[in-house]
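The structure file entry00.txt is reproduced below (compact mmCIF, C-alpha atoms and all ligand atoms).
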# COMPACT_ATOMS: atom_id res chain seq x y z
CA MET P 1 0.00 0.00 0.00
CA THR P 2 1.33 3.46 -0.89
CA LEU P 3 -0.06 6.91 -0.32
CA MET P 4 1.53 8.59 -3.33
CA ALA P 5 -1.29 9.67 -5.56
CA GLU P 6 -3.73 12.53 -5.29
CA PRO P 7 -6.99 11.07 -3.96
CA ALA P 8 -9.65 11.18 -6.70
CA ALA P 9 -12.09 14.02 -5.87
CA GLY P 10 -10.27 14.32 -2.56
CA ARG P 11 -11.86 11.11 -1.27
CA PHE P 12 -10.20 8.59 1.02
CA GLY P 13 -12.71 5.74 0.82
CA ASP P 14 -15.88 7.01 2.52
CA PHE P 15 -14.10 10.07 3.90
CA GLY P 16 -12.74 13.41 2.74
CA GLY P 17 -14.35 15.46 -0.02
CA ARG P 18 -15.00 19.16 -0.17
CA TYR P 19 -17.94 20.41 1.92
CA VAL P 20 -17.56 24.18 1.67
CA PRO P 21 -19.71 27.23 0.88
CA GLU P 22 -20.24 27.82 -2.86
CA SER P 23 -17.93 30.84 -2.72
CA LEU P 24 -14.95 28.72 -1.62
CA VAL P 25 -15.25 26.01 -4.29
CA PRO P 26 -13.22 27.93 -6.92
CA ALA P 27 -10.55 28.83 -4.32
CA CYS P 28 -10.18 25.16 -3.29
CA ALA P 29 -10.04 24.07 -6.94
CA GLU P 30 -7.41 26.70 -7.73
CA LEU P 31 -5.35 25.61 -4.72
CA ALA P 32 -5.55 21.93 -5.68
CA GLY P 33 -4.38 22.77 -9.20
CA ALA P 34 -1.56 24.96 -7.94
CA PHE P 35 -0.34 22.33 -5.49
CA ARG P 36 -0.52 19.55 -8.10
CA GLU P 37 1.62 21.67 -10.44
CA ALA P 38 4.07 22.86 -7.77
CA TRP P 39 4.59 19.37 -6.36
CA ALA P 40 5.60 18.16 -9.83
CA ASP P 41 7.88 21.18 -10.37
CA LYS P 42 11.52 20.60 -9.53
CA THR P 43 12.17 24.31 -8.93
CA PHE P 44 9.45 24.45 -6.27
CA ARG P 45 10.61 21.22 -4.62
CA ASP P 46 14.23 22.38 -4.60
CA GLU P 47 13.32 25.71 -3.02
CA LEU P 48 11.27 23.98 -0.30
CA ASP P 49 13.99 21.41 0.37
CA HIS P 50 16.53 24.21 0.58
CA LEU P 51 14.47 26.14 3.16
CA LEU P 52 13.84 22.95 5.13
CA ALA P 53 17.59 22.39 5.28
CA VAL P 54 19.10 25.86 5.81
CA TYR P 55 16.19 27.41 7.75
CA ALA P 56 14.14 24.72 9.49
CA GLY P 57 17.08 22.49 10.43
CA ARG P 58 16.25 19.32 8.50
CA PRO P 59 16.90 16.49 8.52
CA THR P 60 15.95 16.20 12.18
CA PRO P 61 17.87 13.49 14.06
CA LEU P 62 16.69 10.04 14.99
CA THR P 63 17.68 9.47 18.62
CA PRO P 64 17.87 5.97 20.10
CA ALA P 65 16.20 6.21 23.53
CA LEU P 66 18.59 3.77 25.16
CA ARG P 67 17.74 4.25 28.83
CA LEU P 68 13.96 4.40 28.46
CA GLY P 69 13.98 1.62 25.87
CA GLY P 70 16.13 -0.48 28.20
CA GLU P 71 13.76 0.05 31.11
CA LEU P 72 10.81 -0.96 28.92
CA GLY P 73 12.52 -3.91 27.21
CA ILE P 74 12.07 -2.50 23.69
CA ASP P 75 14.19 -0.80 21.02
CA LEU P 76 12.89 2.78 20.99
CA TRP P 77 13.86 5.36 18.37
CA LEU P 78 12.70 8.96 18.61
CA LYS P 79 12.16 11.08 15.48
CA ARG P 80 13.07 14.52 16.77
CA GLU P 81 10.60 17.03 15.31
CA ASP P 82 11.05 18.93 18.58
CA LEU P 83 14.39 20.06 17.13
CA ALA P 84 12.88 21.66 14.02
CA HIS P 85 12.78 25.48 13.90
CA THR P 86 9.90 26.91 16.00
CA GLY P 87 9.82 23.70 18.04
CA SER P 88 7.53 21.31 16.19
CA HIS P 89 6.76 19.60 12.89
CA LYS P 90 4.34 22.42 11.99
CA ILE P 91 7.11 24.30 10.14
CA ASN P 92 7.30 21.57 7.42
CA ASN P 93 3.75 22.21 6.25
CA VAL P 94 3.85 25.95 6.81
CA LEU P 95 6.94 26.55 4.66
CA GLY P 96 5.37 24.49 1.86
CA GLN P 97 2.05 26.33 1.94
CA ALA P 98 3.67 29.75 2.33
CA LEU P 99 5.78 29.14 -0.79
CA LEU P 100 2.61 28.02 -2.57
CA ALA P 101 0.77 31.17 -1.44
CA ARG P 102 3.56 33.30 -2.84
CA ARG P 103 3.48 31.34 -6.10
CA LEU P 104 -0.26 32.13 -6.31
CA GLY P 105 0.43 35.84 -5.77
CA ARG P 106 -1.26 35.93 -2.36
CA THR P 107 0.11 38.47 0.14
CA ARG P 108 -1.75 37.46 3.30
CA LEU P 109 -1.69 34.22 5.29
CA ILE P 110 -4.73 33.36 7.42
CA ALA P 111 -4.40 30.56 9.96
CA GLU P 112 -6.12 28.95 12.93
CA THR P 113 -4.15 27.83 15.94
CA GLY P 114 -4.77 25.81 19.10
CA ALA P 115 -1.65 25.49 21.23
CA GLY P 116 -0.18 28.34 19.19
CA GLN P 117 2.52 26.22 17.53
CA HIS P 118 0.87 26.46 14.11
CA GLY P 119 0.31 30.19 14.58
CA VAL P 120 3.96 30.70 15.51
CA ALA P 121 5.12 28.65 12.52
CA THR P 122 2.81 30.63 10.20
CA ALA P 123 3.96 33.98 11.62
CA THR P 124 7.54 32.77 11.14
CA ALA P 125 7.06 31.84 7.48
CA ALA P 126 5.22 35.13 6.85
CA ALA P 127 8.18 37.07 8.25
CA LEU P 128 10.63 35.00 6.21
CA LEU P 129 8.78 35.52 2.92
CA GLY P 130 7.53 39.07 3.52
CA LEU P 131 3.83 38.17 3.77
CA SER P 132 1.29 39.37 6.35
CA ALA P 133 -0.28 36.94 8.83
CA THR P 134 -3.64 36.96 10.63
CA ILE P 135 -3.93 34.20 13.24
CA PHE P 136 -7.26 33.18 14.78
CA MET P 137 -6.99 31.69 18.27
CA GLY P 138 -9.65 30.74 20.81
CA SER P 139 -9.64 33.06 23.83
CA ARG P 140 -9.35 30.04 26.13
CA ASP P 141 -6.19 28.92 24.31
CA ILE P 142 -4.85 32.49 24.45
CA GLU P 143 -5.05 32.24 28.25
CA ARG P 144 -3.33 28.82 28.25
CA GLN P 145 -0.59 29.70 25.76
CA ARG P 146 0.33 33.34 26.41
CA LEU P 147 3.96 32.85 25.47
CA ASN P 148 3.05 31.73 21.94
CA VAL P 149 0.76 34.76 21.52
CA PHE P 150 3.71 36.96 22.43
CA ARG P 151 5.93 35.11 19.95
CA MET P 152 3.42 35.56 17.11
CA GLU P 153 3.13 39.27 17.82
CA MET P 154 6.90 39.65 17.97
CA LEU P 155 7.06 38.08 14.51
CA GLY P 156 4.66 40.73 13.22
CA ALA P 157 1.43 38.69 13.06
CA THR P 158 -2.01 39.90 14.13
CA VAL P 159 -3.61 37.53 16.66
CA VAL P 160 -7.43 37.63 16.64
CA PRO P 161 -9.11 36.21 19.78
CA VAL P 162 -12.15 34.00 19.10
CA THR P 163 -14.79 34.14 21.83
CA SER P 164 -17.49 31.91 20.29
CA GLY P 165 -18.32 28.32 21.27
CA SER P 166 -15.75 26.50 23.37
CA ARG P 167 -13.21 29.28 22.58
CA THR P 168 -10.68 26.70 21.34
CA LEU P 169 -9.33 25.33 18.05
CA LYS P 170 -12.67 24.28 16.52
CA ASP P 171 -14.01 27.83 16.85
CA ALA P 172 -10.76 29.43 15.68
CA THR P 173 -10.94 27.24 12.54
CA ASN P 174 -14.51 28.42 11.81
CA GLU P 175 -13.43 32.05 12.09
CA ALA P 176 -10.33 31.56 9.94
CA MET P 177 -12.47 29.99 7.19
CA ARG P 178 -14.86 32.97 7.38
CA ALA P 179 -11.96 35.41 7.05
CA TRP P 180 -10.78 33.48 3.99
CA VAL P 181 -14.24 33.66 2.36
CA ALA P 182 -14.14 37.43 2.85
CA ASP P 183 -10.71 37.92 1.25
CA VAL P 184 -10.05 35.13 -1.26
CA PRO P 185 -8.20 37.25 -3.87
CA HIS P 186 -5.44 38.30 -1.45
CA SER P 187 -5.42 35.50 1.11
CA HIS P 188 -4.22 31.97 1.47
CA PHE P 189 -5.86 29.92 4.23
CA LEU P 190 -2.91 28.08 5.73
CA LEU P 191 -4.53 25.13 7.45
CA GLY P 192 -2.36 23.46 10.07
CA SER P 193 -3.34 19.81 9.87
CA VAL P 194 -4.65 17.08 7.57
CA GLY P 195 -8.32 18.10 7.90
CA GLY P 196 -10.40 20.54 5.86
CA PRO P 197 -11.65 20.36 2.27
CA HIS P 198 -9.66 18.86 -0.62
CA PRO P 199 -6.77 19.54 -1.29
CA TYR P 200 -5.72 20.18 2.34
CA PRO P 201 -5.64 16.59 3.71
CA TRP P 202 -3.60 15.42 0.74
CA MET P 203 -1.40 18.54 0.49
CA VAL P 204 -0.57 18.73 4.19
CA ARG P 205 0.26 14.99 4.30
CA GLU P 206 2.62 15.50 1.36
CA PHE P 207 4.32 18.44 3.09
CA GLN P 208 4.69 16.34 6.27
CA ARG P 209 5.83 13.23 4.39
CA VAL P 210 9.40 14.44 4.94
CA ILE P 211 9.16 13.13 8.53
CA GLY P 212 8.46 9.57 7.40
CA THR P 213 10.87 9.66 4.47
CA GLU P 214 13.75 10.80 6.66
CA ALA P 215 12.88 8.36 9.45
CA ARG P 216 12.74 5.47 6.98
CA SER P 217 16.30 6.19 5.89
CA GLN P 218 17.47 6.68 9.51
CA VAL P 219 16.06 3.61 11.26
CA PRO P 220 18.52 0.70 11.51
CA SER P 221 15.76 -1.72 10.45
CA VAL P 222 12.04 -1.55 9.68
CA PRO P 223 10.26 -1.01 13.00
CA ASP P 224 7.57 -3.36 14.28
CA VAL P 225 5.51 -0.39 15.44
CA VAL P 226 5.36 3.23 14.32
CA VAL P 227 3.61 5.52 16.78
CA ALA P 228 2.66 9.20 16.77
CA CYS P 229 0.19 11.44 18.59
CA VAL P 230 -2.93 12.55 16.75
CA GLY P 231 -4.75 15.85 16.97
CA GLY P 232 -5.82 16.61 13.42
CA GLY P 233 -3.29 13.97 12.48
CA SER P 234 -0.54 15.70 10.46
CA ASN P 235 2.60 14.51 12.26
CA ALA P 236 1.14 11.00 12.31
CA ALA P 237 0.17 11.19 8.61
CA GLY P 238 3.66 12.37 7.64
CA THR P 239 5.26 9.63 9.72
CA PHE P 240 2.90 6.88 8.51
CA ALA P 241 3.50 7.89 4.86
CA GLY P 242 7.06 6.60 5.19
CA PHE P 243 6.01 3.19 6.52
CA VAL P 244 2.55 2.39 5.15
CA ASP P 245 4.13 0.10 2.52
CA THR P 246 6.04 -1.90 5.17
CA THR P 247 4.94 -4.50 7.69
CA ALA P 248 5.11 -1.97 10.54
CA ARG P 249 1.96 -1.53 12.61
CA LEU P 250 0.86 2.12 12.55
CA ILE P 251 -0.53 3.47 15.82
CA GLY P 252 -2.07 6.91 16.36
CA VAL P 253 -2.59 8.07 19.91
CA GLU P 254 -5.43 10.48 20.71
CA ALA P 255 -6.29 12.36 23.86
CA ALA P 256 -9.02 10.51 25.77
CA GLY P 257 -11.00 13.78 25.74
CA GLY P 258 -10.56 14.28 21.98
CA ALA P 259 -10.79 10.75 20.67
CA ALA P 260 -12.48 11.22 17.29
CA MET P 261 -11.45 7.74 16.08
CA THR P 262 -12.35 5.85 19.22
CA ALA P 263 -15.39 7.76 20.48
CA GLY P 264 -16.55 9.63 17.36
CA ALA P 265 -18.87 8.83 14.45
CA PRO P 266 -18.81 9.77 10.76
CA GLY P 267 -19.76 13.40 10.18
CA VAL P 268 -18.76 16.58 8.40
CA VAL P 269 -16.57 19.16 10.09
CA HIS P 270 -14.54 22.04 8.64
CA GLY P 271 -15.05 21.02 5.04
CA SER P 272 -14.57 17.26 4.98
CA ARG P 273 -16.25 14.04 6.05
CA SER P 274 -14.38 12.17 8.74
CA MET P 275 -14.75 10.79 12.23
CA VAL P 276 -16.07 13.48 14.57
CA LEU P 277 -16.96 13.67 18.25
CA GLN P 278 -20.70 14.38 18.38
CA ASP P 279 -23.50 14.63 20.90
CA ALA P 280 -26.78 12.67 20.66
CA GLU P 281 -28.21 15.28 18.22
CA GLY P 282 -25.18 15.08 15.90
CA GLN P 283 -23.85 18.46 17.05
CA ILE P 284 -20.07 18.64 17.21
CA ALA P 285 -19.07 17.90 20.80
CA GLU P 286 -16.44 19.78 22.73
CA ALA P 287 -13.09 18.07 23.10
CA SER P 288 -11.06 18.45 26.25
CA SER P 289 -7.38 17.72 26.74
CA ILE P 290 -4.48 19.05 28.77
CA ALA P 291 -2.70 19.46 25.40
CA ALA P 292 -4.25 22.41 23.52
CA GLY P 293 -2.93 20.95 20.25
CA LEU P 294 -5.05 17.80 20.69
CA ASP P 295 -8.14 19.61 21.94
CA TYR P 296 -10.03 19.05 18.71
CA PRO P 297 -13.20 17.01 18.01
CA GLY P 298 -12.18 15.86 14.52
CA ILE P 299 -9.38 14.03 12.73
CA GLY P 300 -8.12 14.07 9.14
CA PRO P 301 -10.15 11.93 6.69
CA GLU P 302 -7.21 9.76 5.66
CA HIS P 303 -6.89 8.55 9.25
CA ALA P 304 -10.60 7.69 9.26
CA HIS P 305 -9.96 5.67 6.10
CA LEU P 306 -6.79 3.94 7.36
CA GLY P 307 -8.68 3.12 10.56
CA ALA P 308 -11.66 1.70 8.63
CA LEU P 309 -9.26 -0.44 6.57
CA GLY P 310 -7.52 -1.62 9.73
CA ARG P 311 -4.17 -0.44 8.31
CA ALA P 312 -3.71 2.02 11.19
CA GLU P 313 -4.90 1.56 14.77
CA TYR P 314 -5.91 4.28 17.21
CA ARG P 315 -5.53 4.34 20.97
CA THR P 316 -6.29 6.86 23.71
CA VAL P 317 -4.41 7.94 26.82
CA THR P 318 -5.54 10.10 29.73
CA ASP P 319 -4.19 13.49 30.83
CA ALA P 320 -2.68 11.86 33.94
CA GLU P 321 -0.79 9.29 31.84
CA VAL P 322 0.49 12.12 29.64
CA VAL P 323 1.85 14.12 32.55
CA ALA P 324 3.56 11.02 33.94
CA ALA P 325 5.04 10.29 30.49
CA ILE P 326 6.52 13.76 30.03
CA HIS P 327 8.33 13.44 33.37
CA ARG P 328 9.53 9.91 32.68
CA LEU P 329 10.98 10.84 29.28
CA ALA P 330 12.64 13.93 30.74
CA ARG P 331 14.36 11.93 33.51
CA ALA P 332 15.35 8.98 31.35
CA GLU P 333 16.49 10.77 28.19
CA GLY P 334 16.97 14.46 28.99
CA ILE P 335 14.24 15.47 26.55
CA ILE P 336 11.27 17.60 27.59
CA CYS P 337 8.69 16.99 24.87
CA ALA P 338 5.39 18.74 24.20
CA LEU P 339 2.25 17.57 26.00
CA GLU P 340 0.91 16.52 22.60
CA SER P 341 3.94 14.33 21.82
CA ALA P 342 3.80 12.82 25.31
CA HIS P 343 0.57 11.07 24.27
CA ALA P 344 2.62 8.76 22.04
CA VAL P 345 5.13 8.22 24.84
CA ALA P 346 2.32 7.47 27.31
CA TRP P 347 0.91 4.74 25.11
CA VAL P 348 4.34 3.12 24.77
CA LEU P 349 4.79 3.23 28.57
CA ARG P 350 1.43 1.57 29.10
CA ALA P 351 1.68 -1.00 26.30
CA ALA P 352 5.33 -2.10 26.61
CA GLY P 353 5.51 -5.74 27.71
CA SER P 354 1.81 -6.38 26.93
CA ALA P 355 0.44 -8.26 23.92
CA ASP P 356 -0.06 -4.86 22.24
CA LEU P 357 3.70 -4.13 22.38
CA PRO P 358 5.66 -7.26 23.28
CA ALA P 359 9.14 -7.15 24.82
CA GLY P 360 11.84 -6.85 22.16
CA SER P 361 9.67 -4.76 19.80
CA ARG P 362 11.37 -2.16 17.62
CA VAL P 363 9.43 1.09 17.98
CA LEU P 364 9.69 4.35 16.05
CA LEU P 365 8.04 7.22 17.92
CA THR P 366 7.63 10.67 16.43
CA LEU P 367 8.29 13.34 19.02
CA SER P 368 6.20 16.06 17.37
CA GLY P 369 7.39 19.02 19.46
CA ARG P 370 9.28 20.39 22.41
CA GLY P 371 7.76 21.19 25.77
CA ASP P 372 8.82 24.78 26.44
CA LYS P 373 5.30 26.07 25.75
CA ASP P 374 3.86 23.70 28.37
CA MET P 375 6.02 24.58 31.35
CA VAL P 376 3.44 26.96 32.83
CA THR P 377 0.67 24.36 32.53
CA LEU P 378 2.86 21.67 34.10
CA SER P 379 4.13 23.89 36.90
CA GLU P 380 0.55 24.80 37.82
CA GLY P 381 -0.39 21.13 38.24
CA ALA P 382 -1.87 18.39 36.15
CA ASP P 383 -5.49 19.34 36.86
CA LYS P 384 -5.38 22.52 34.78
C1 LIG M 401 -0.17 20.88 16.59
C2 LIG M 401 0.59 19.85 17.29
C3 LIG M 401 0.16 18.51 17.32
C4 LIG M 401 -1.15 18.05 16.75
O1 LIG M 401 -1.29 18.21 15.38
P1 LIG M 401 -1.24 17.01 14.34
O2 LIG M 401 -1.81 17.61 13.11
O3 LIG M 401 -2.09 15.91 14.88
O4 LIG M 401 0.17 16.60 14.18
C5 LIG M 401 0.97 17.57 17.93
N1 LIG M 401 2.15 17.92 18.50
C6 LIG M 401 2.58 19.20 18.50
C7 LIG M 401 3.88 19.51 19.18
C8 LIG M 401 1.83 20.20 17.90
O5 LIG M 401 2.28 21.46 17.90

With the file now loaded, output its structure as structure tokens.
Amino acid sequence: MTLMAEPAAGRFGDFGGRYVPESLVPACAELAGAFREAWADKTFRDELDHLLAVYAGRPTPLTPALRLGGELGIDLWLKREDLAHTGSHKINNVLGQALLARRLGRTRLIAETGAGQHGVATATAAALLGLSATIFMGSRDIERQRLNVFRMEMLGATVVPVTSGSRTLKDATNEAMRAWVADVPHSHFLLGSVGGPHPYPWMVREFQRVIGTEARSQVPSVPDVVVACVGGGSNAAGTFAGFVDTTARLIGVEAAGGAAMTAGAPGVVHGSRSMVLQDAEGQIAEASSIAAGLDYPGIGPEHAHLGALGRAEYRTVTDAEVVAAIHRLARAEGIICALESAHAVAWVLRAAGSADLPAGSRVLLTLSGRGDKDMVTLSEGADK
């Protein structure tokens, strides 16, 4: 199985598609065409690869986690997206889309952000390429992630607080899409994960594929298990893309309070059909997680498809397990990862030695980001 081709009509089996207002259909079609062309254009690919190398710090290392792996009785390799510029994998996708926006003659980037990592990455790319950036962020997340708001403003972006609904990522995404509708000729909507209408799930996976491609060439042998945390699912999608044609089991780990795959049902959210957390009336339910970046009721449609096929499996961990995992990794390896990334670590801690992850397993774990942004949350206690 490979994930190379553009999905026909943006469909991944029963999922995906393009459920947007009439006024956005031409913009999505134009974007799909532009990405298809750019991705086949050596000049575009070379420029992106160059920026990823000299600006974002790629390739990121693969670190053998010898002490933690030893304690758990497994071979554990960490793909270090925490070491990419701005502190997470988000920069891979953002640089790709920002170059595409410039190619399309757009001068303004519009983005949604949850933990603020995607907003910071977007503000960074805007500064680098001389574009303007408007970042929509839920007012609840603004309170939780003040440092990232300050970073975005330092980089010259405008941060717009969103006070509707649960005041988190879902609401910020709605507002960002509205702002795009109002300013299509000048704006590019720079979506941060593998959700949204076609071409976003495909395009963002392709921009994140670099994680899996690098890791595949860095691992000493094909892993038995490849594991990554899942919010919208972009770091997992990029990682899985490098291993979907191998025998490795692919495991996505969701927050127990945002478990679209485990606790959701098929539905449409933010422009595509996927698995979505819903209440009894089919209204989108509120997610809740200690990690703002996983506090999202949906998941990208390709994950819904891989899950339906049984090619990828999805697990959940609790906030308490996540906090324990971040501390354990820090003490054993000297790496303070993001709360989001710690979901993948928490599953490995729980599963190691069980039938789900037998002793001796070779495990590749994508560490999606670094934990600096979470120090305030962690120092205030796990119940925040
Ligand atoms: C945004 C973010 C995530 C969640 O997004 P995905 O699209 O699921 O990858 C995970 N980890 C970090 C560090 C993030 O910033």

Please, which residues in region 240-295 of chain P fall within 10 Å of region 320-336 of chain P when counting only C-alpha atoms, and what is the closest atom pair and distance in Å to one decimal for each, ordered by chain then residue number, as JSON lines?
{"residue": "P:Ala255", "atom": "CA", "partner": "P:Val322", "partner_atom": "CA", "distance": 8.9}
{"residue": "P:Ile290", "atom": "CA", "partner": "P:Val322", "partner_atom": "CA", "distance": 8.6}
{"residue": "P:Ala291", "atom": "CA", "partner": "P:Val322", "partner_atom": "CA", "distance": 9.1}

Could you dump the residues just selected with C-alpha atoms as a compact mmCIF listing (two decimals), keeping the file's coordinate frame?
# COMPACT_ATOMS: atom_id res chain seq x y z
CA ALA P 255 -6.29 12.36 23.86
CA ILE P 290 -4.48 19.05 28.77
CA ALA P 291 -2.70 19.46 25.40

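The space separating CA of Ala8 (chain P) from CA of Ala308 (chain P) comes to 18.1 Å.
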
For this session: Excluding Gly16 (chain P) and any residue of its chain fewer than 3 positions from it, enumerate the residues within 9 Å of it, using only C-alpha atoms, and give them as a ChimeraX atom specification.
Result: /P:9-13,19,195-198,201,268,271-274,300-302,304-305

Could you produce a table of the residues of chain P lying within 7 Å of ligand LIG 401 (chain M), with the nearest pair of atoms per residue and their separation in Å rounded to one decimal, using only C-alpha atoms and all ligand atoms, ordered by chain and increasing residue number, as a tab-separated table?
residue	atom	partner	partner_atom	distance
P:Ser88	CA	M:LIG401	C7	5.1
P:His89	CA	M:LIG401	C7	6.9
P:Lys90	CA	M:LIG401	O5	6.3
P:Ala115	CA	M:LIG401	O5	6.5
P:Gln117	CA	M:LIG401	O5	4.8
P:His118	CA	M:LIG401	C1	6.2
P:Gly192	CA	M:LIG401	O2	6.6
P:Ser193	CA	M:LIG401	O2	4.2
P:Val194	CA	M:LIG401	O2	6.2
P:Cys229	CA	M:LIG401	C5	6.2
P:Val230	CA	M:LIG401	O3	3.9
P:Gly231	CA	M:LIG401	O3	3.4
P:Gly232	CA	M:LIG401	O3	4.1
P:Gly233	CA	M:LIG401	O3	3.3
P:Ser234	CA	M:LIG401	O2	3.5
P:Asn235	CA	M:LIG401	O4	3.7
P:Ala236	CA	M:LIG401	O4	6.0
P:Gly293	CA	M:LIG401	C1	4.6
P:Leu294	CA	M:LIG401	C4	5.5
P:Ala338	CA	M:LIG401	C7	5.3
P:Glu340	CA	M:LIG401	N1	4.5
P:Ser341	CA	M:LIG401	N1	5.2
P:Ser368	CA	M:LIG401	C7	4.5
P:Gly369	CA	M:LIG401	C7	3.6
P:Arg370	CA	M:LIG401	C7	6.4

Exercise. Near Ala285 (chain P), within 9 Å and counting only C-alpha atoms, which residues show up once chain neighbours fewer than 6 positions away are dropped, as a PyMOL selection string?
Worked result: chain P and resi 276-279+297

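Distances from P:Ala248, P:Ala172, P:Ala344, P:Leu24 to Ile142 (chain P) were compared using only C-alpha atoms, and the smallest one belongs to P:Ala172.
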
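Put simply, CA of Ala280 (chain P) is 11.2 Å away from CA of Gly264 (chain P).
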
For this session: With a distance cut-off of 9 Å and all atoms listed in the file, select the neighbouring residues of region 39-53 of chain P, excluding the residue or stretch itself and same-chain residues fewer than 2 positions from it, and output the selection as a ChimeraX atom specification.
Result: /P:34-37,55-59,91-92,95-96,99-100,206

Problem set entry | Local residues around (-11.9, 26.0, 12.6), at most 12 Å away, using all atoms listed in the file, as number ranges by chain | P: 110-114, 135-138, 162, 164-180, 189-193, 195-197, 232, 269-272, 284, 295-298

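The two atoms in question, CA of Val184 (chain P) and CA of Gly267 (chain P), are spaced 26.4 Å apart.
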
Exercise. Within 12 Å of Ser221 (chain P), counting only C-alpha atoms, which residues qualify if same-chain residues fewer than 2 places away don't, as number ranges by chain?
Worked result: P: 75-77, 215-219, 223-225, 243, 246-248, 361-364

Can you write out the residues you just picked, keeping C-alpha atoms, as an mmCIF file, keeping the file's coordinate frame?
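Written output follows (again31.cif):
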data_model
loop_
_atom_site.group_PDB
_atom_site.id
_atom_site.type_symbol
_atom_site.label_atom_id
_atom_site.label_comp_id
_atom_site.auth_asym_id
_atom_site.auth_seq_id
_atom_site.Cartn_x
_atom_site.Cartn_y
_atom_site.Cartn_z
ATOM 1 C CA ASP P 75 14.190 -0.800 21.020
ATOM 2 C CA LEU P 76 12.890 2.780 20.990
ATOM 3 C CA TRP P 77 13.860 5.360 18.370
ATOM 4 C CA ALA P 215 12.880 8.360 9.450
ATOM 5 C CA ARG P 216 12.740 5.470 6.980
ATOM 6 C CA SER P 217 16.300 6.190 5.890
ATOM 7 C CA GLN P 218 17.470 6.680 9.510
ATOM 8 C CA VAL P 219 16.060 3.610 11.260
ATOM 9 C CA PRO P 223 10.260 -1.010 13.000
ATOM 10 C CA ASP P 224 7.570 -3.360 14.280
ATOM 11 C CA VAL P 225 5.510 -0.390 15.440
ATOM 12 C CA PHE P 243 6.010 3.190 6.520
ATOM 13 C CA THR P 246 6.040 -1.900 5.170
ATOM 14 C CA THR P 247 4.940 -4.500 7.690
ATOM 15 C CA ALA P 248 5.110 -1.970 10.540
ATOM 16 C CA SER P 361 9.670 -4.760 19.800
ATOM 17 C CA ARG P 362 11.370 -2.160 17.620
ATOM 18 C CA VAL P 363 9.430 1.090 17.980
ATOM 19 C CA LEU P 364 9.690 4.350 16.050
#

Exercise. So which residues are close to (0.1, -0.2, 3.9), meaning at most 10 Å away in the file's coordinates with only C-alpha atoms counted, and can you show them as a count of residues only?
Worked result: 19

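When only C-alpha atoms are used to measure the gap to Ala237 (chain P), the shortest distance among P:Ile211, P:Met261, P:Ala123, P:Val222 belongs to P:Ile211.
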
For this session: For Thr262 (chain P), please output as a VMD selection string all residues within 8 Å (counting only C-alpha atoms; exclusion window: fewer than 2 positions along the same chain).
Result: chain P and resid 259 to 260 264 314 to 316

For region 110-115 of chain P, what centre and edge lengths in Å (one decimal) does the axis-aligned box get once 8 Å is added on each side of all its listed atoms, as lines of an AutoDock Vina configuration file?
center_x = -3.9
center_y = 29.4
center_z = 14.3
size_x = 20.5
size_y = 23.9
size_z = 29.8
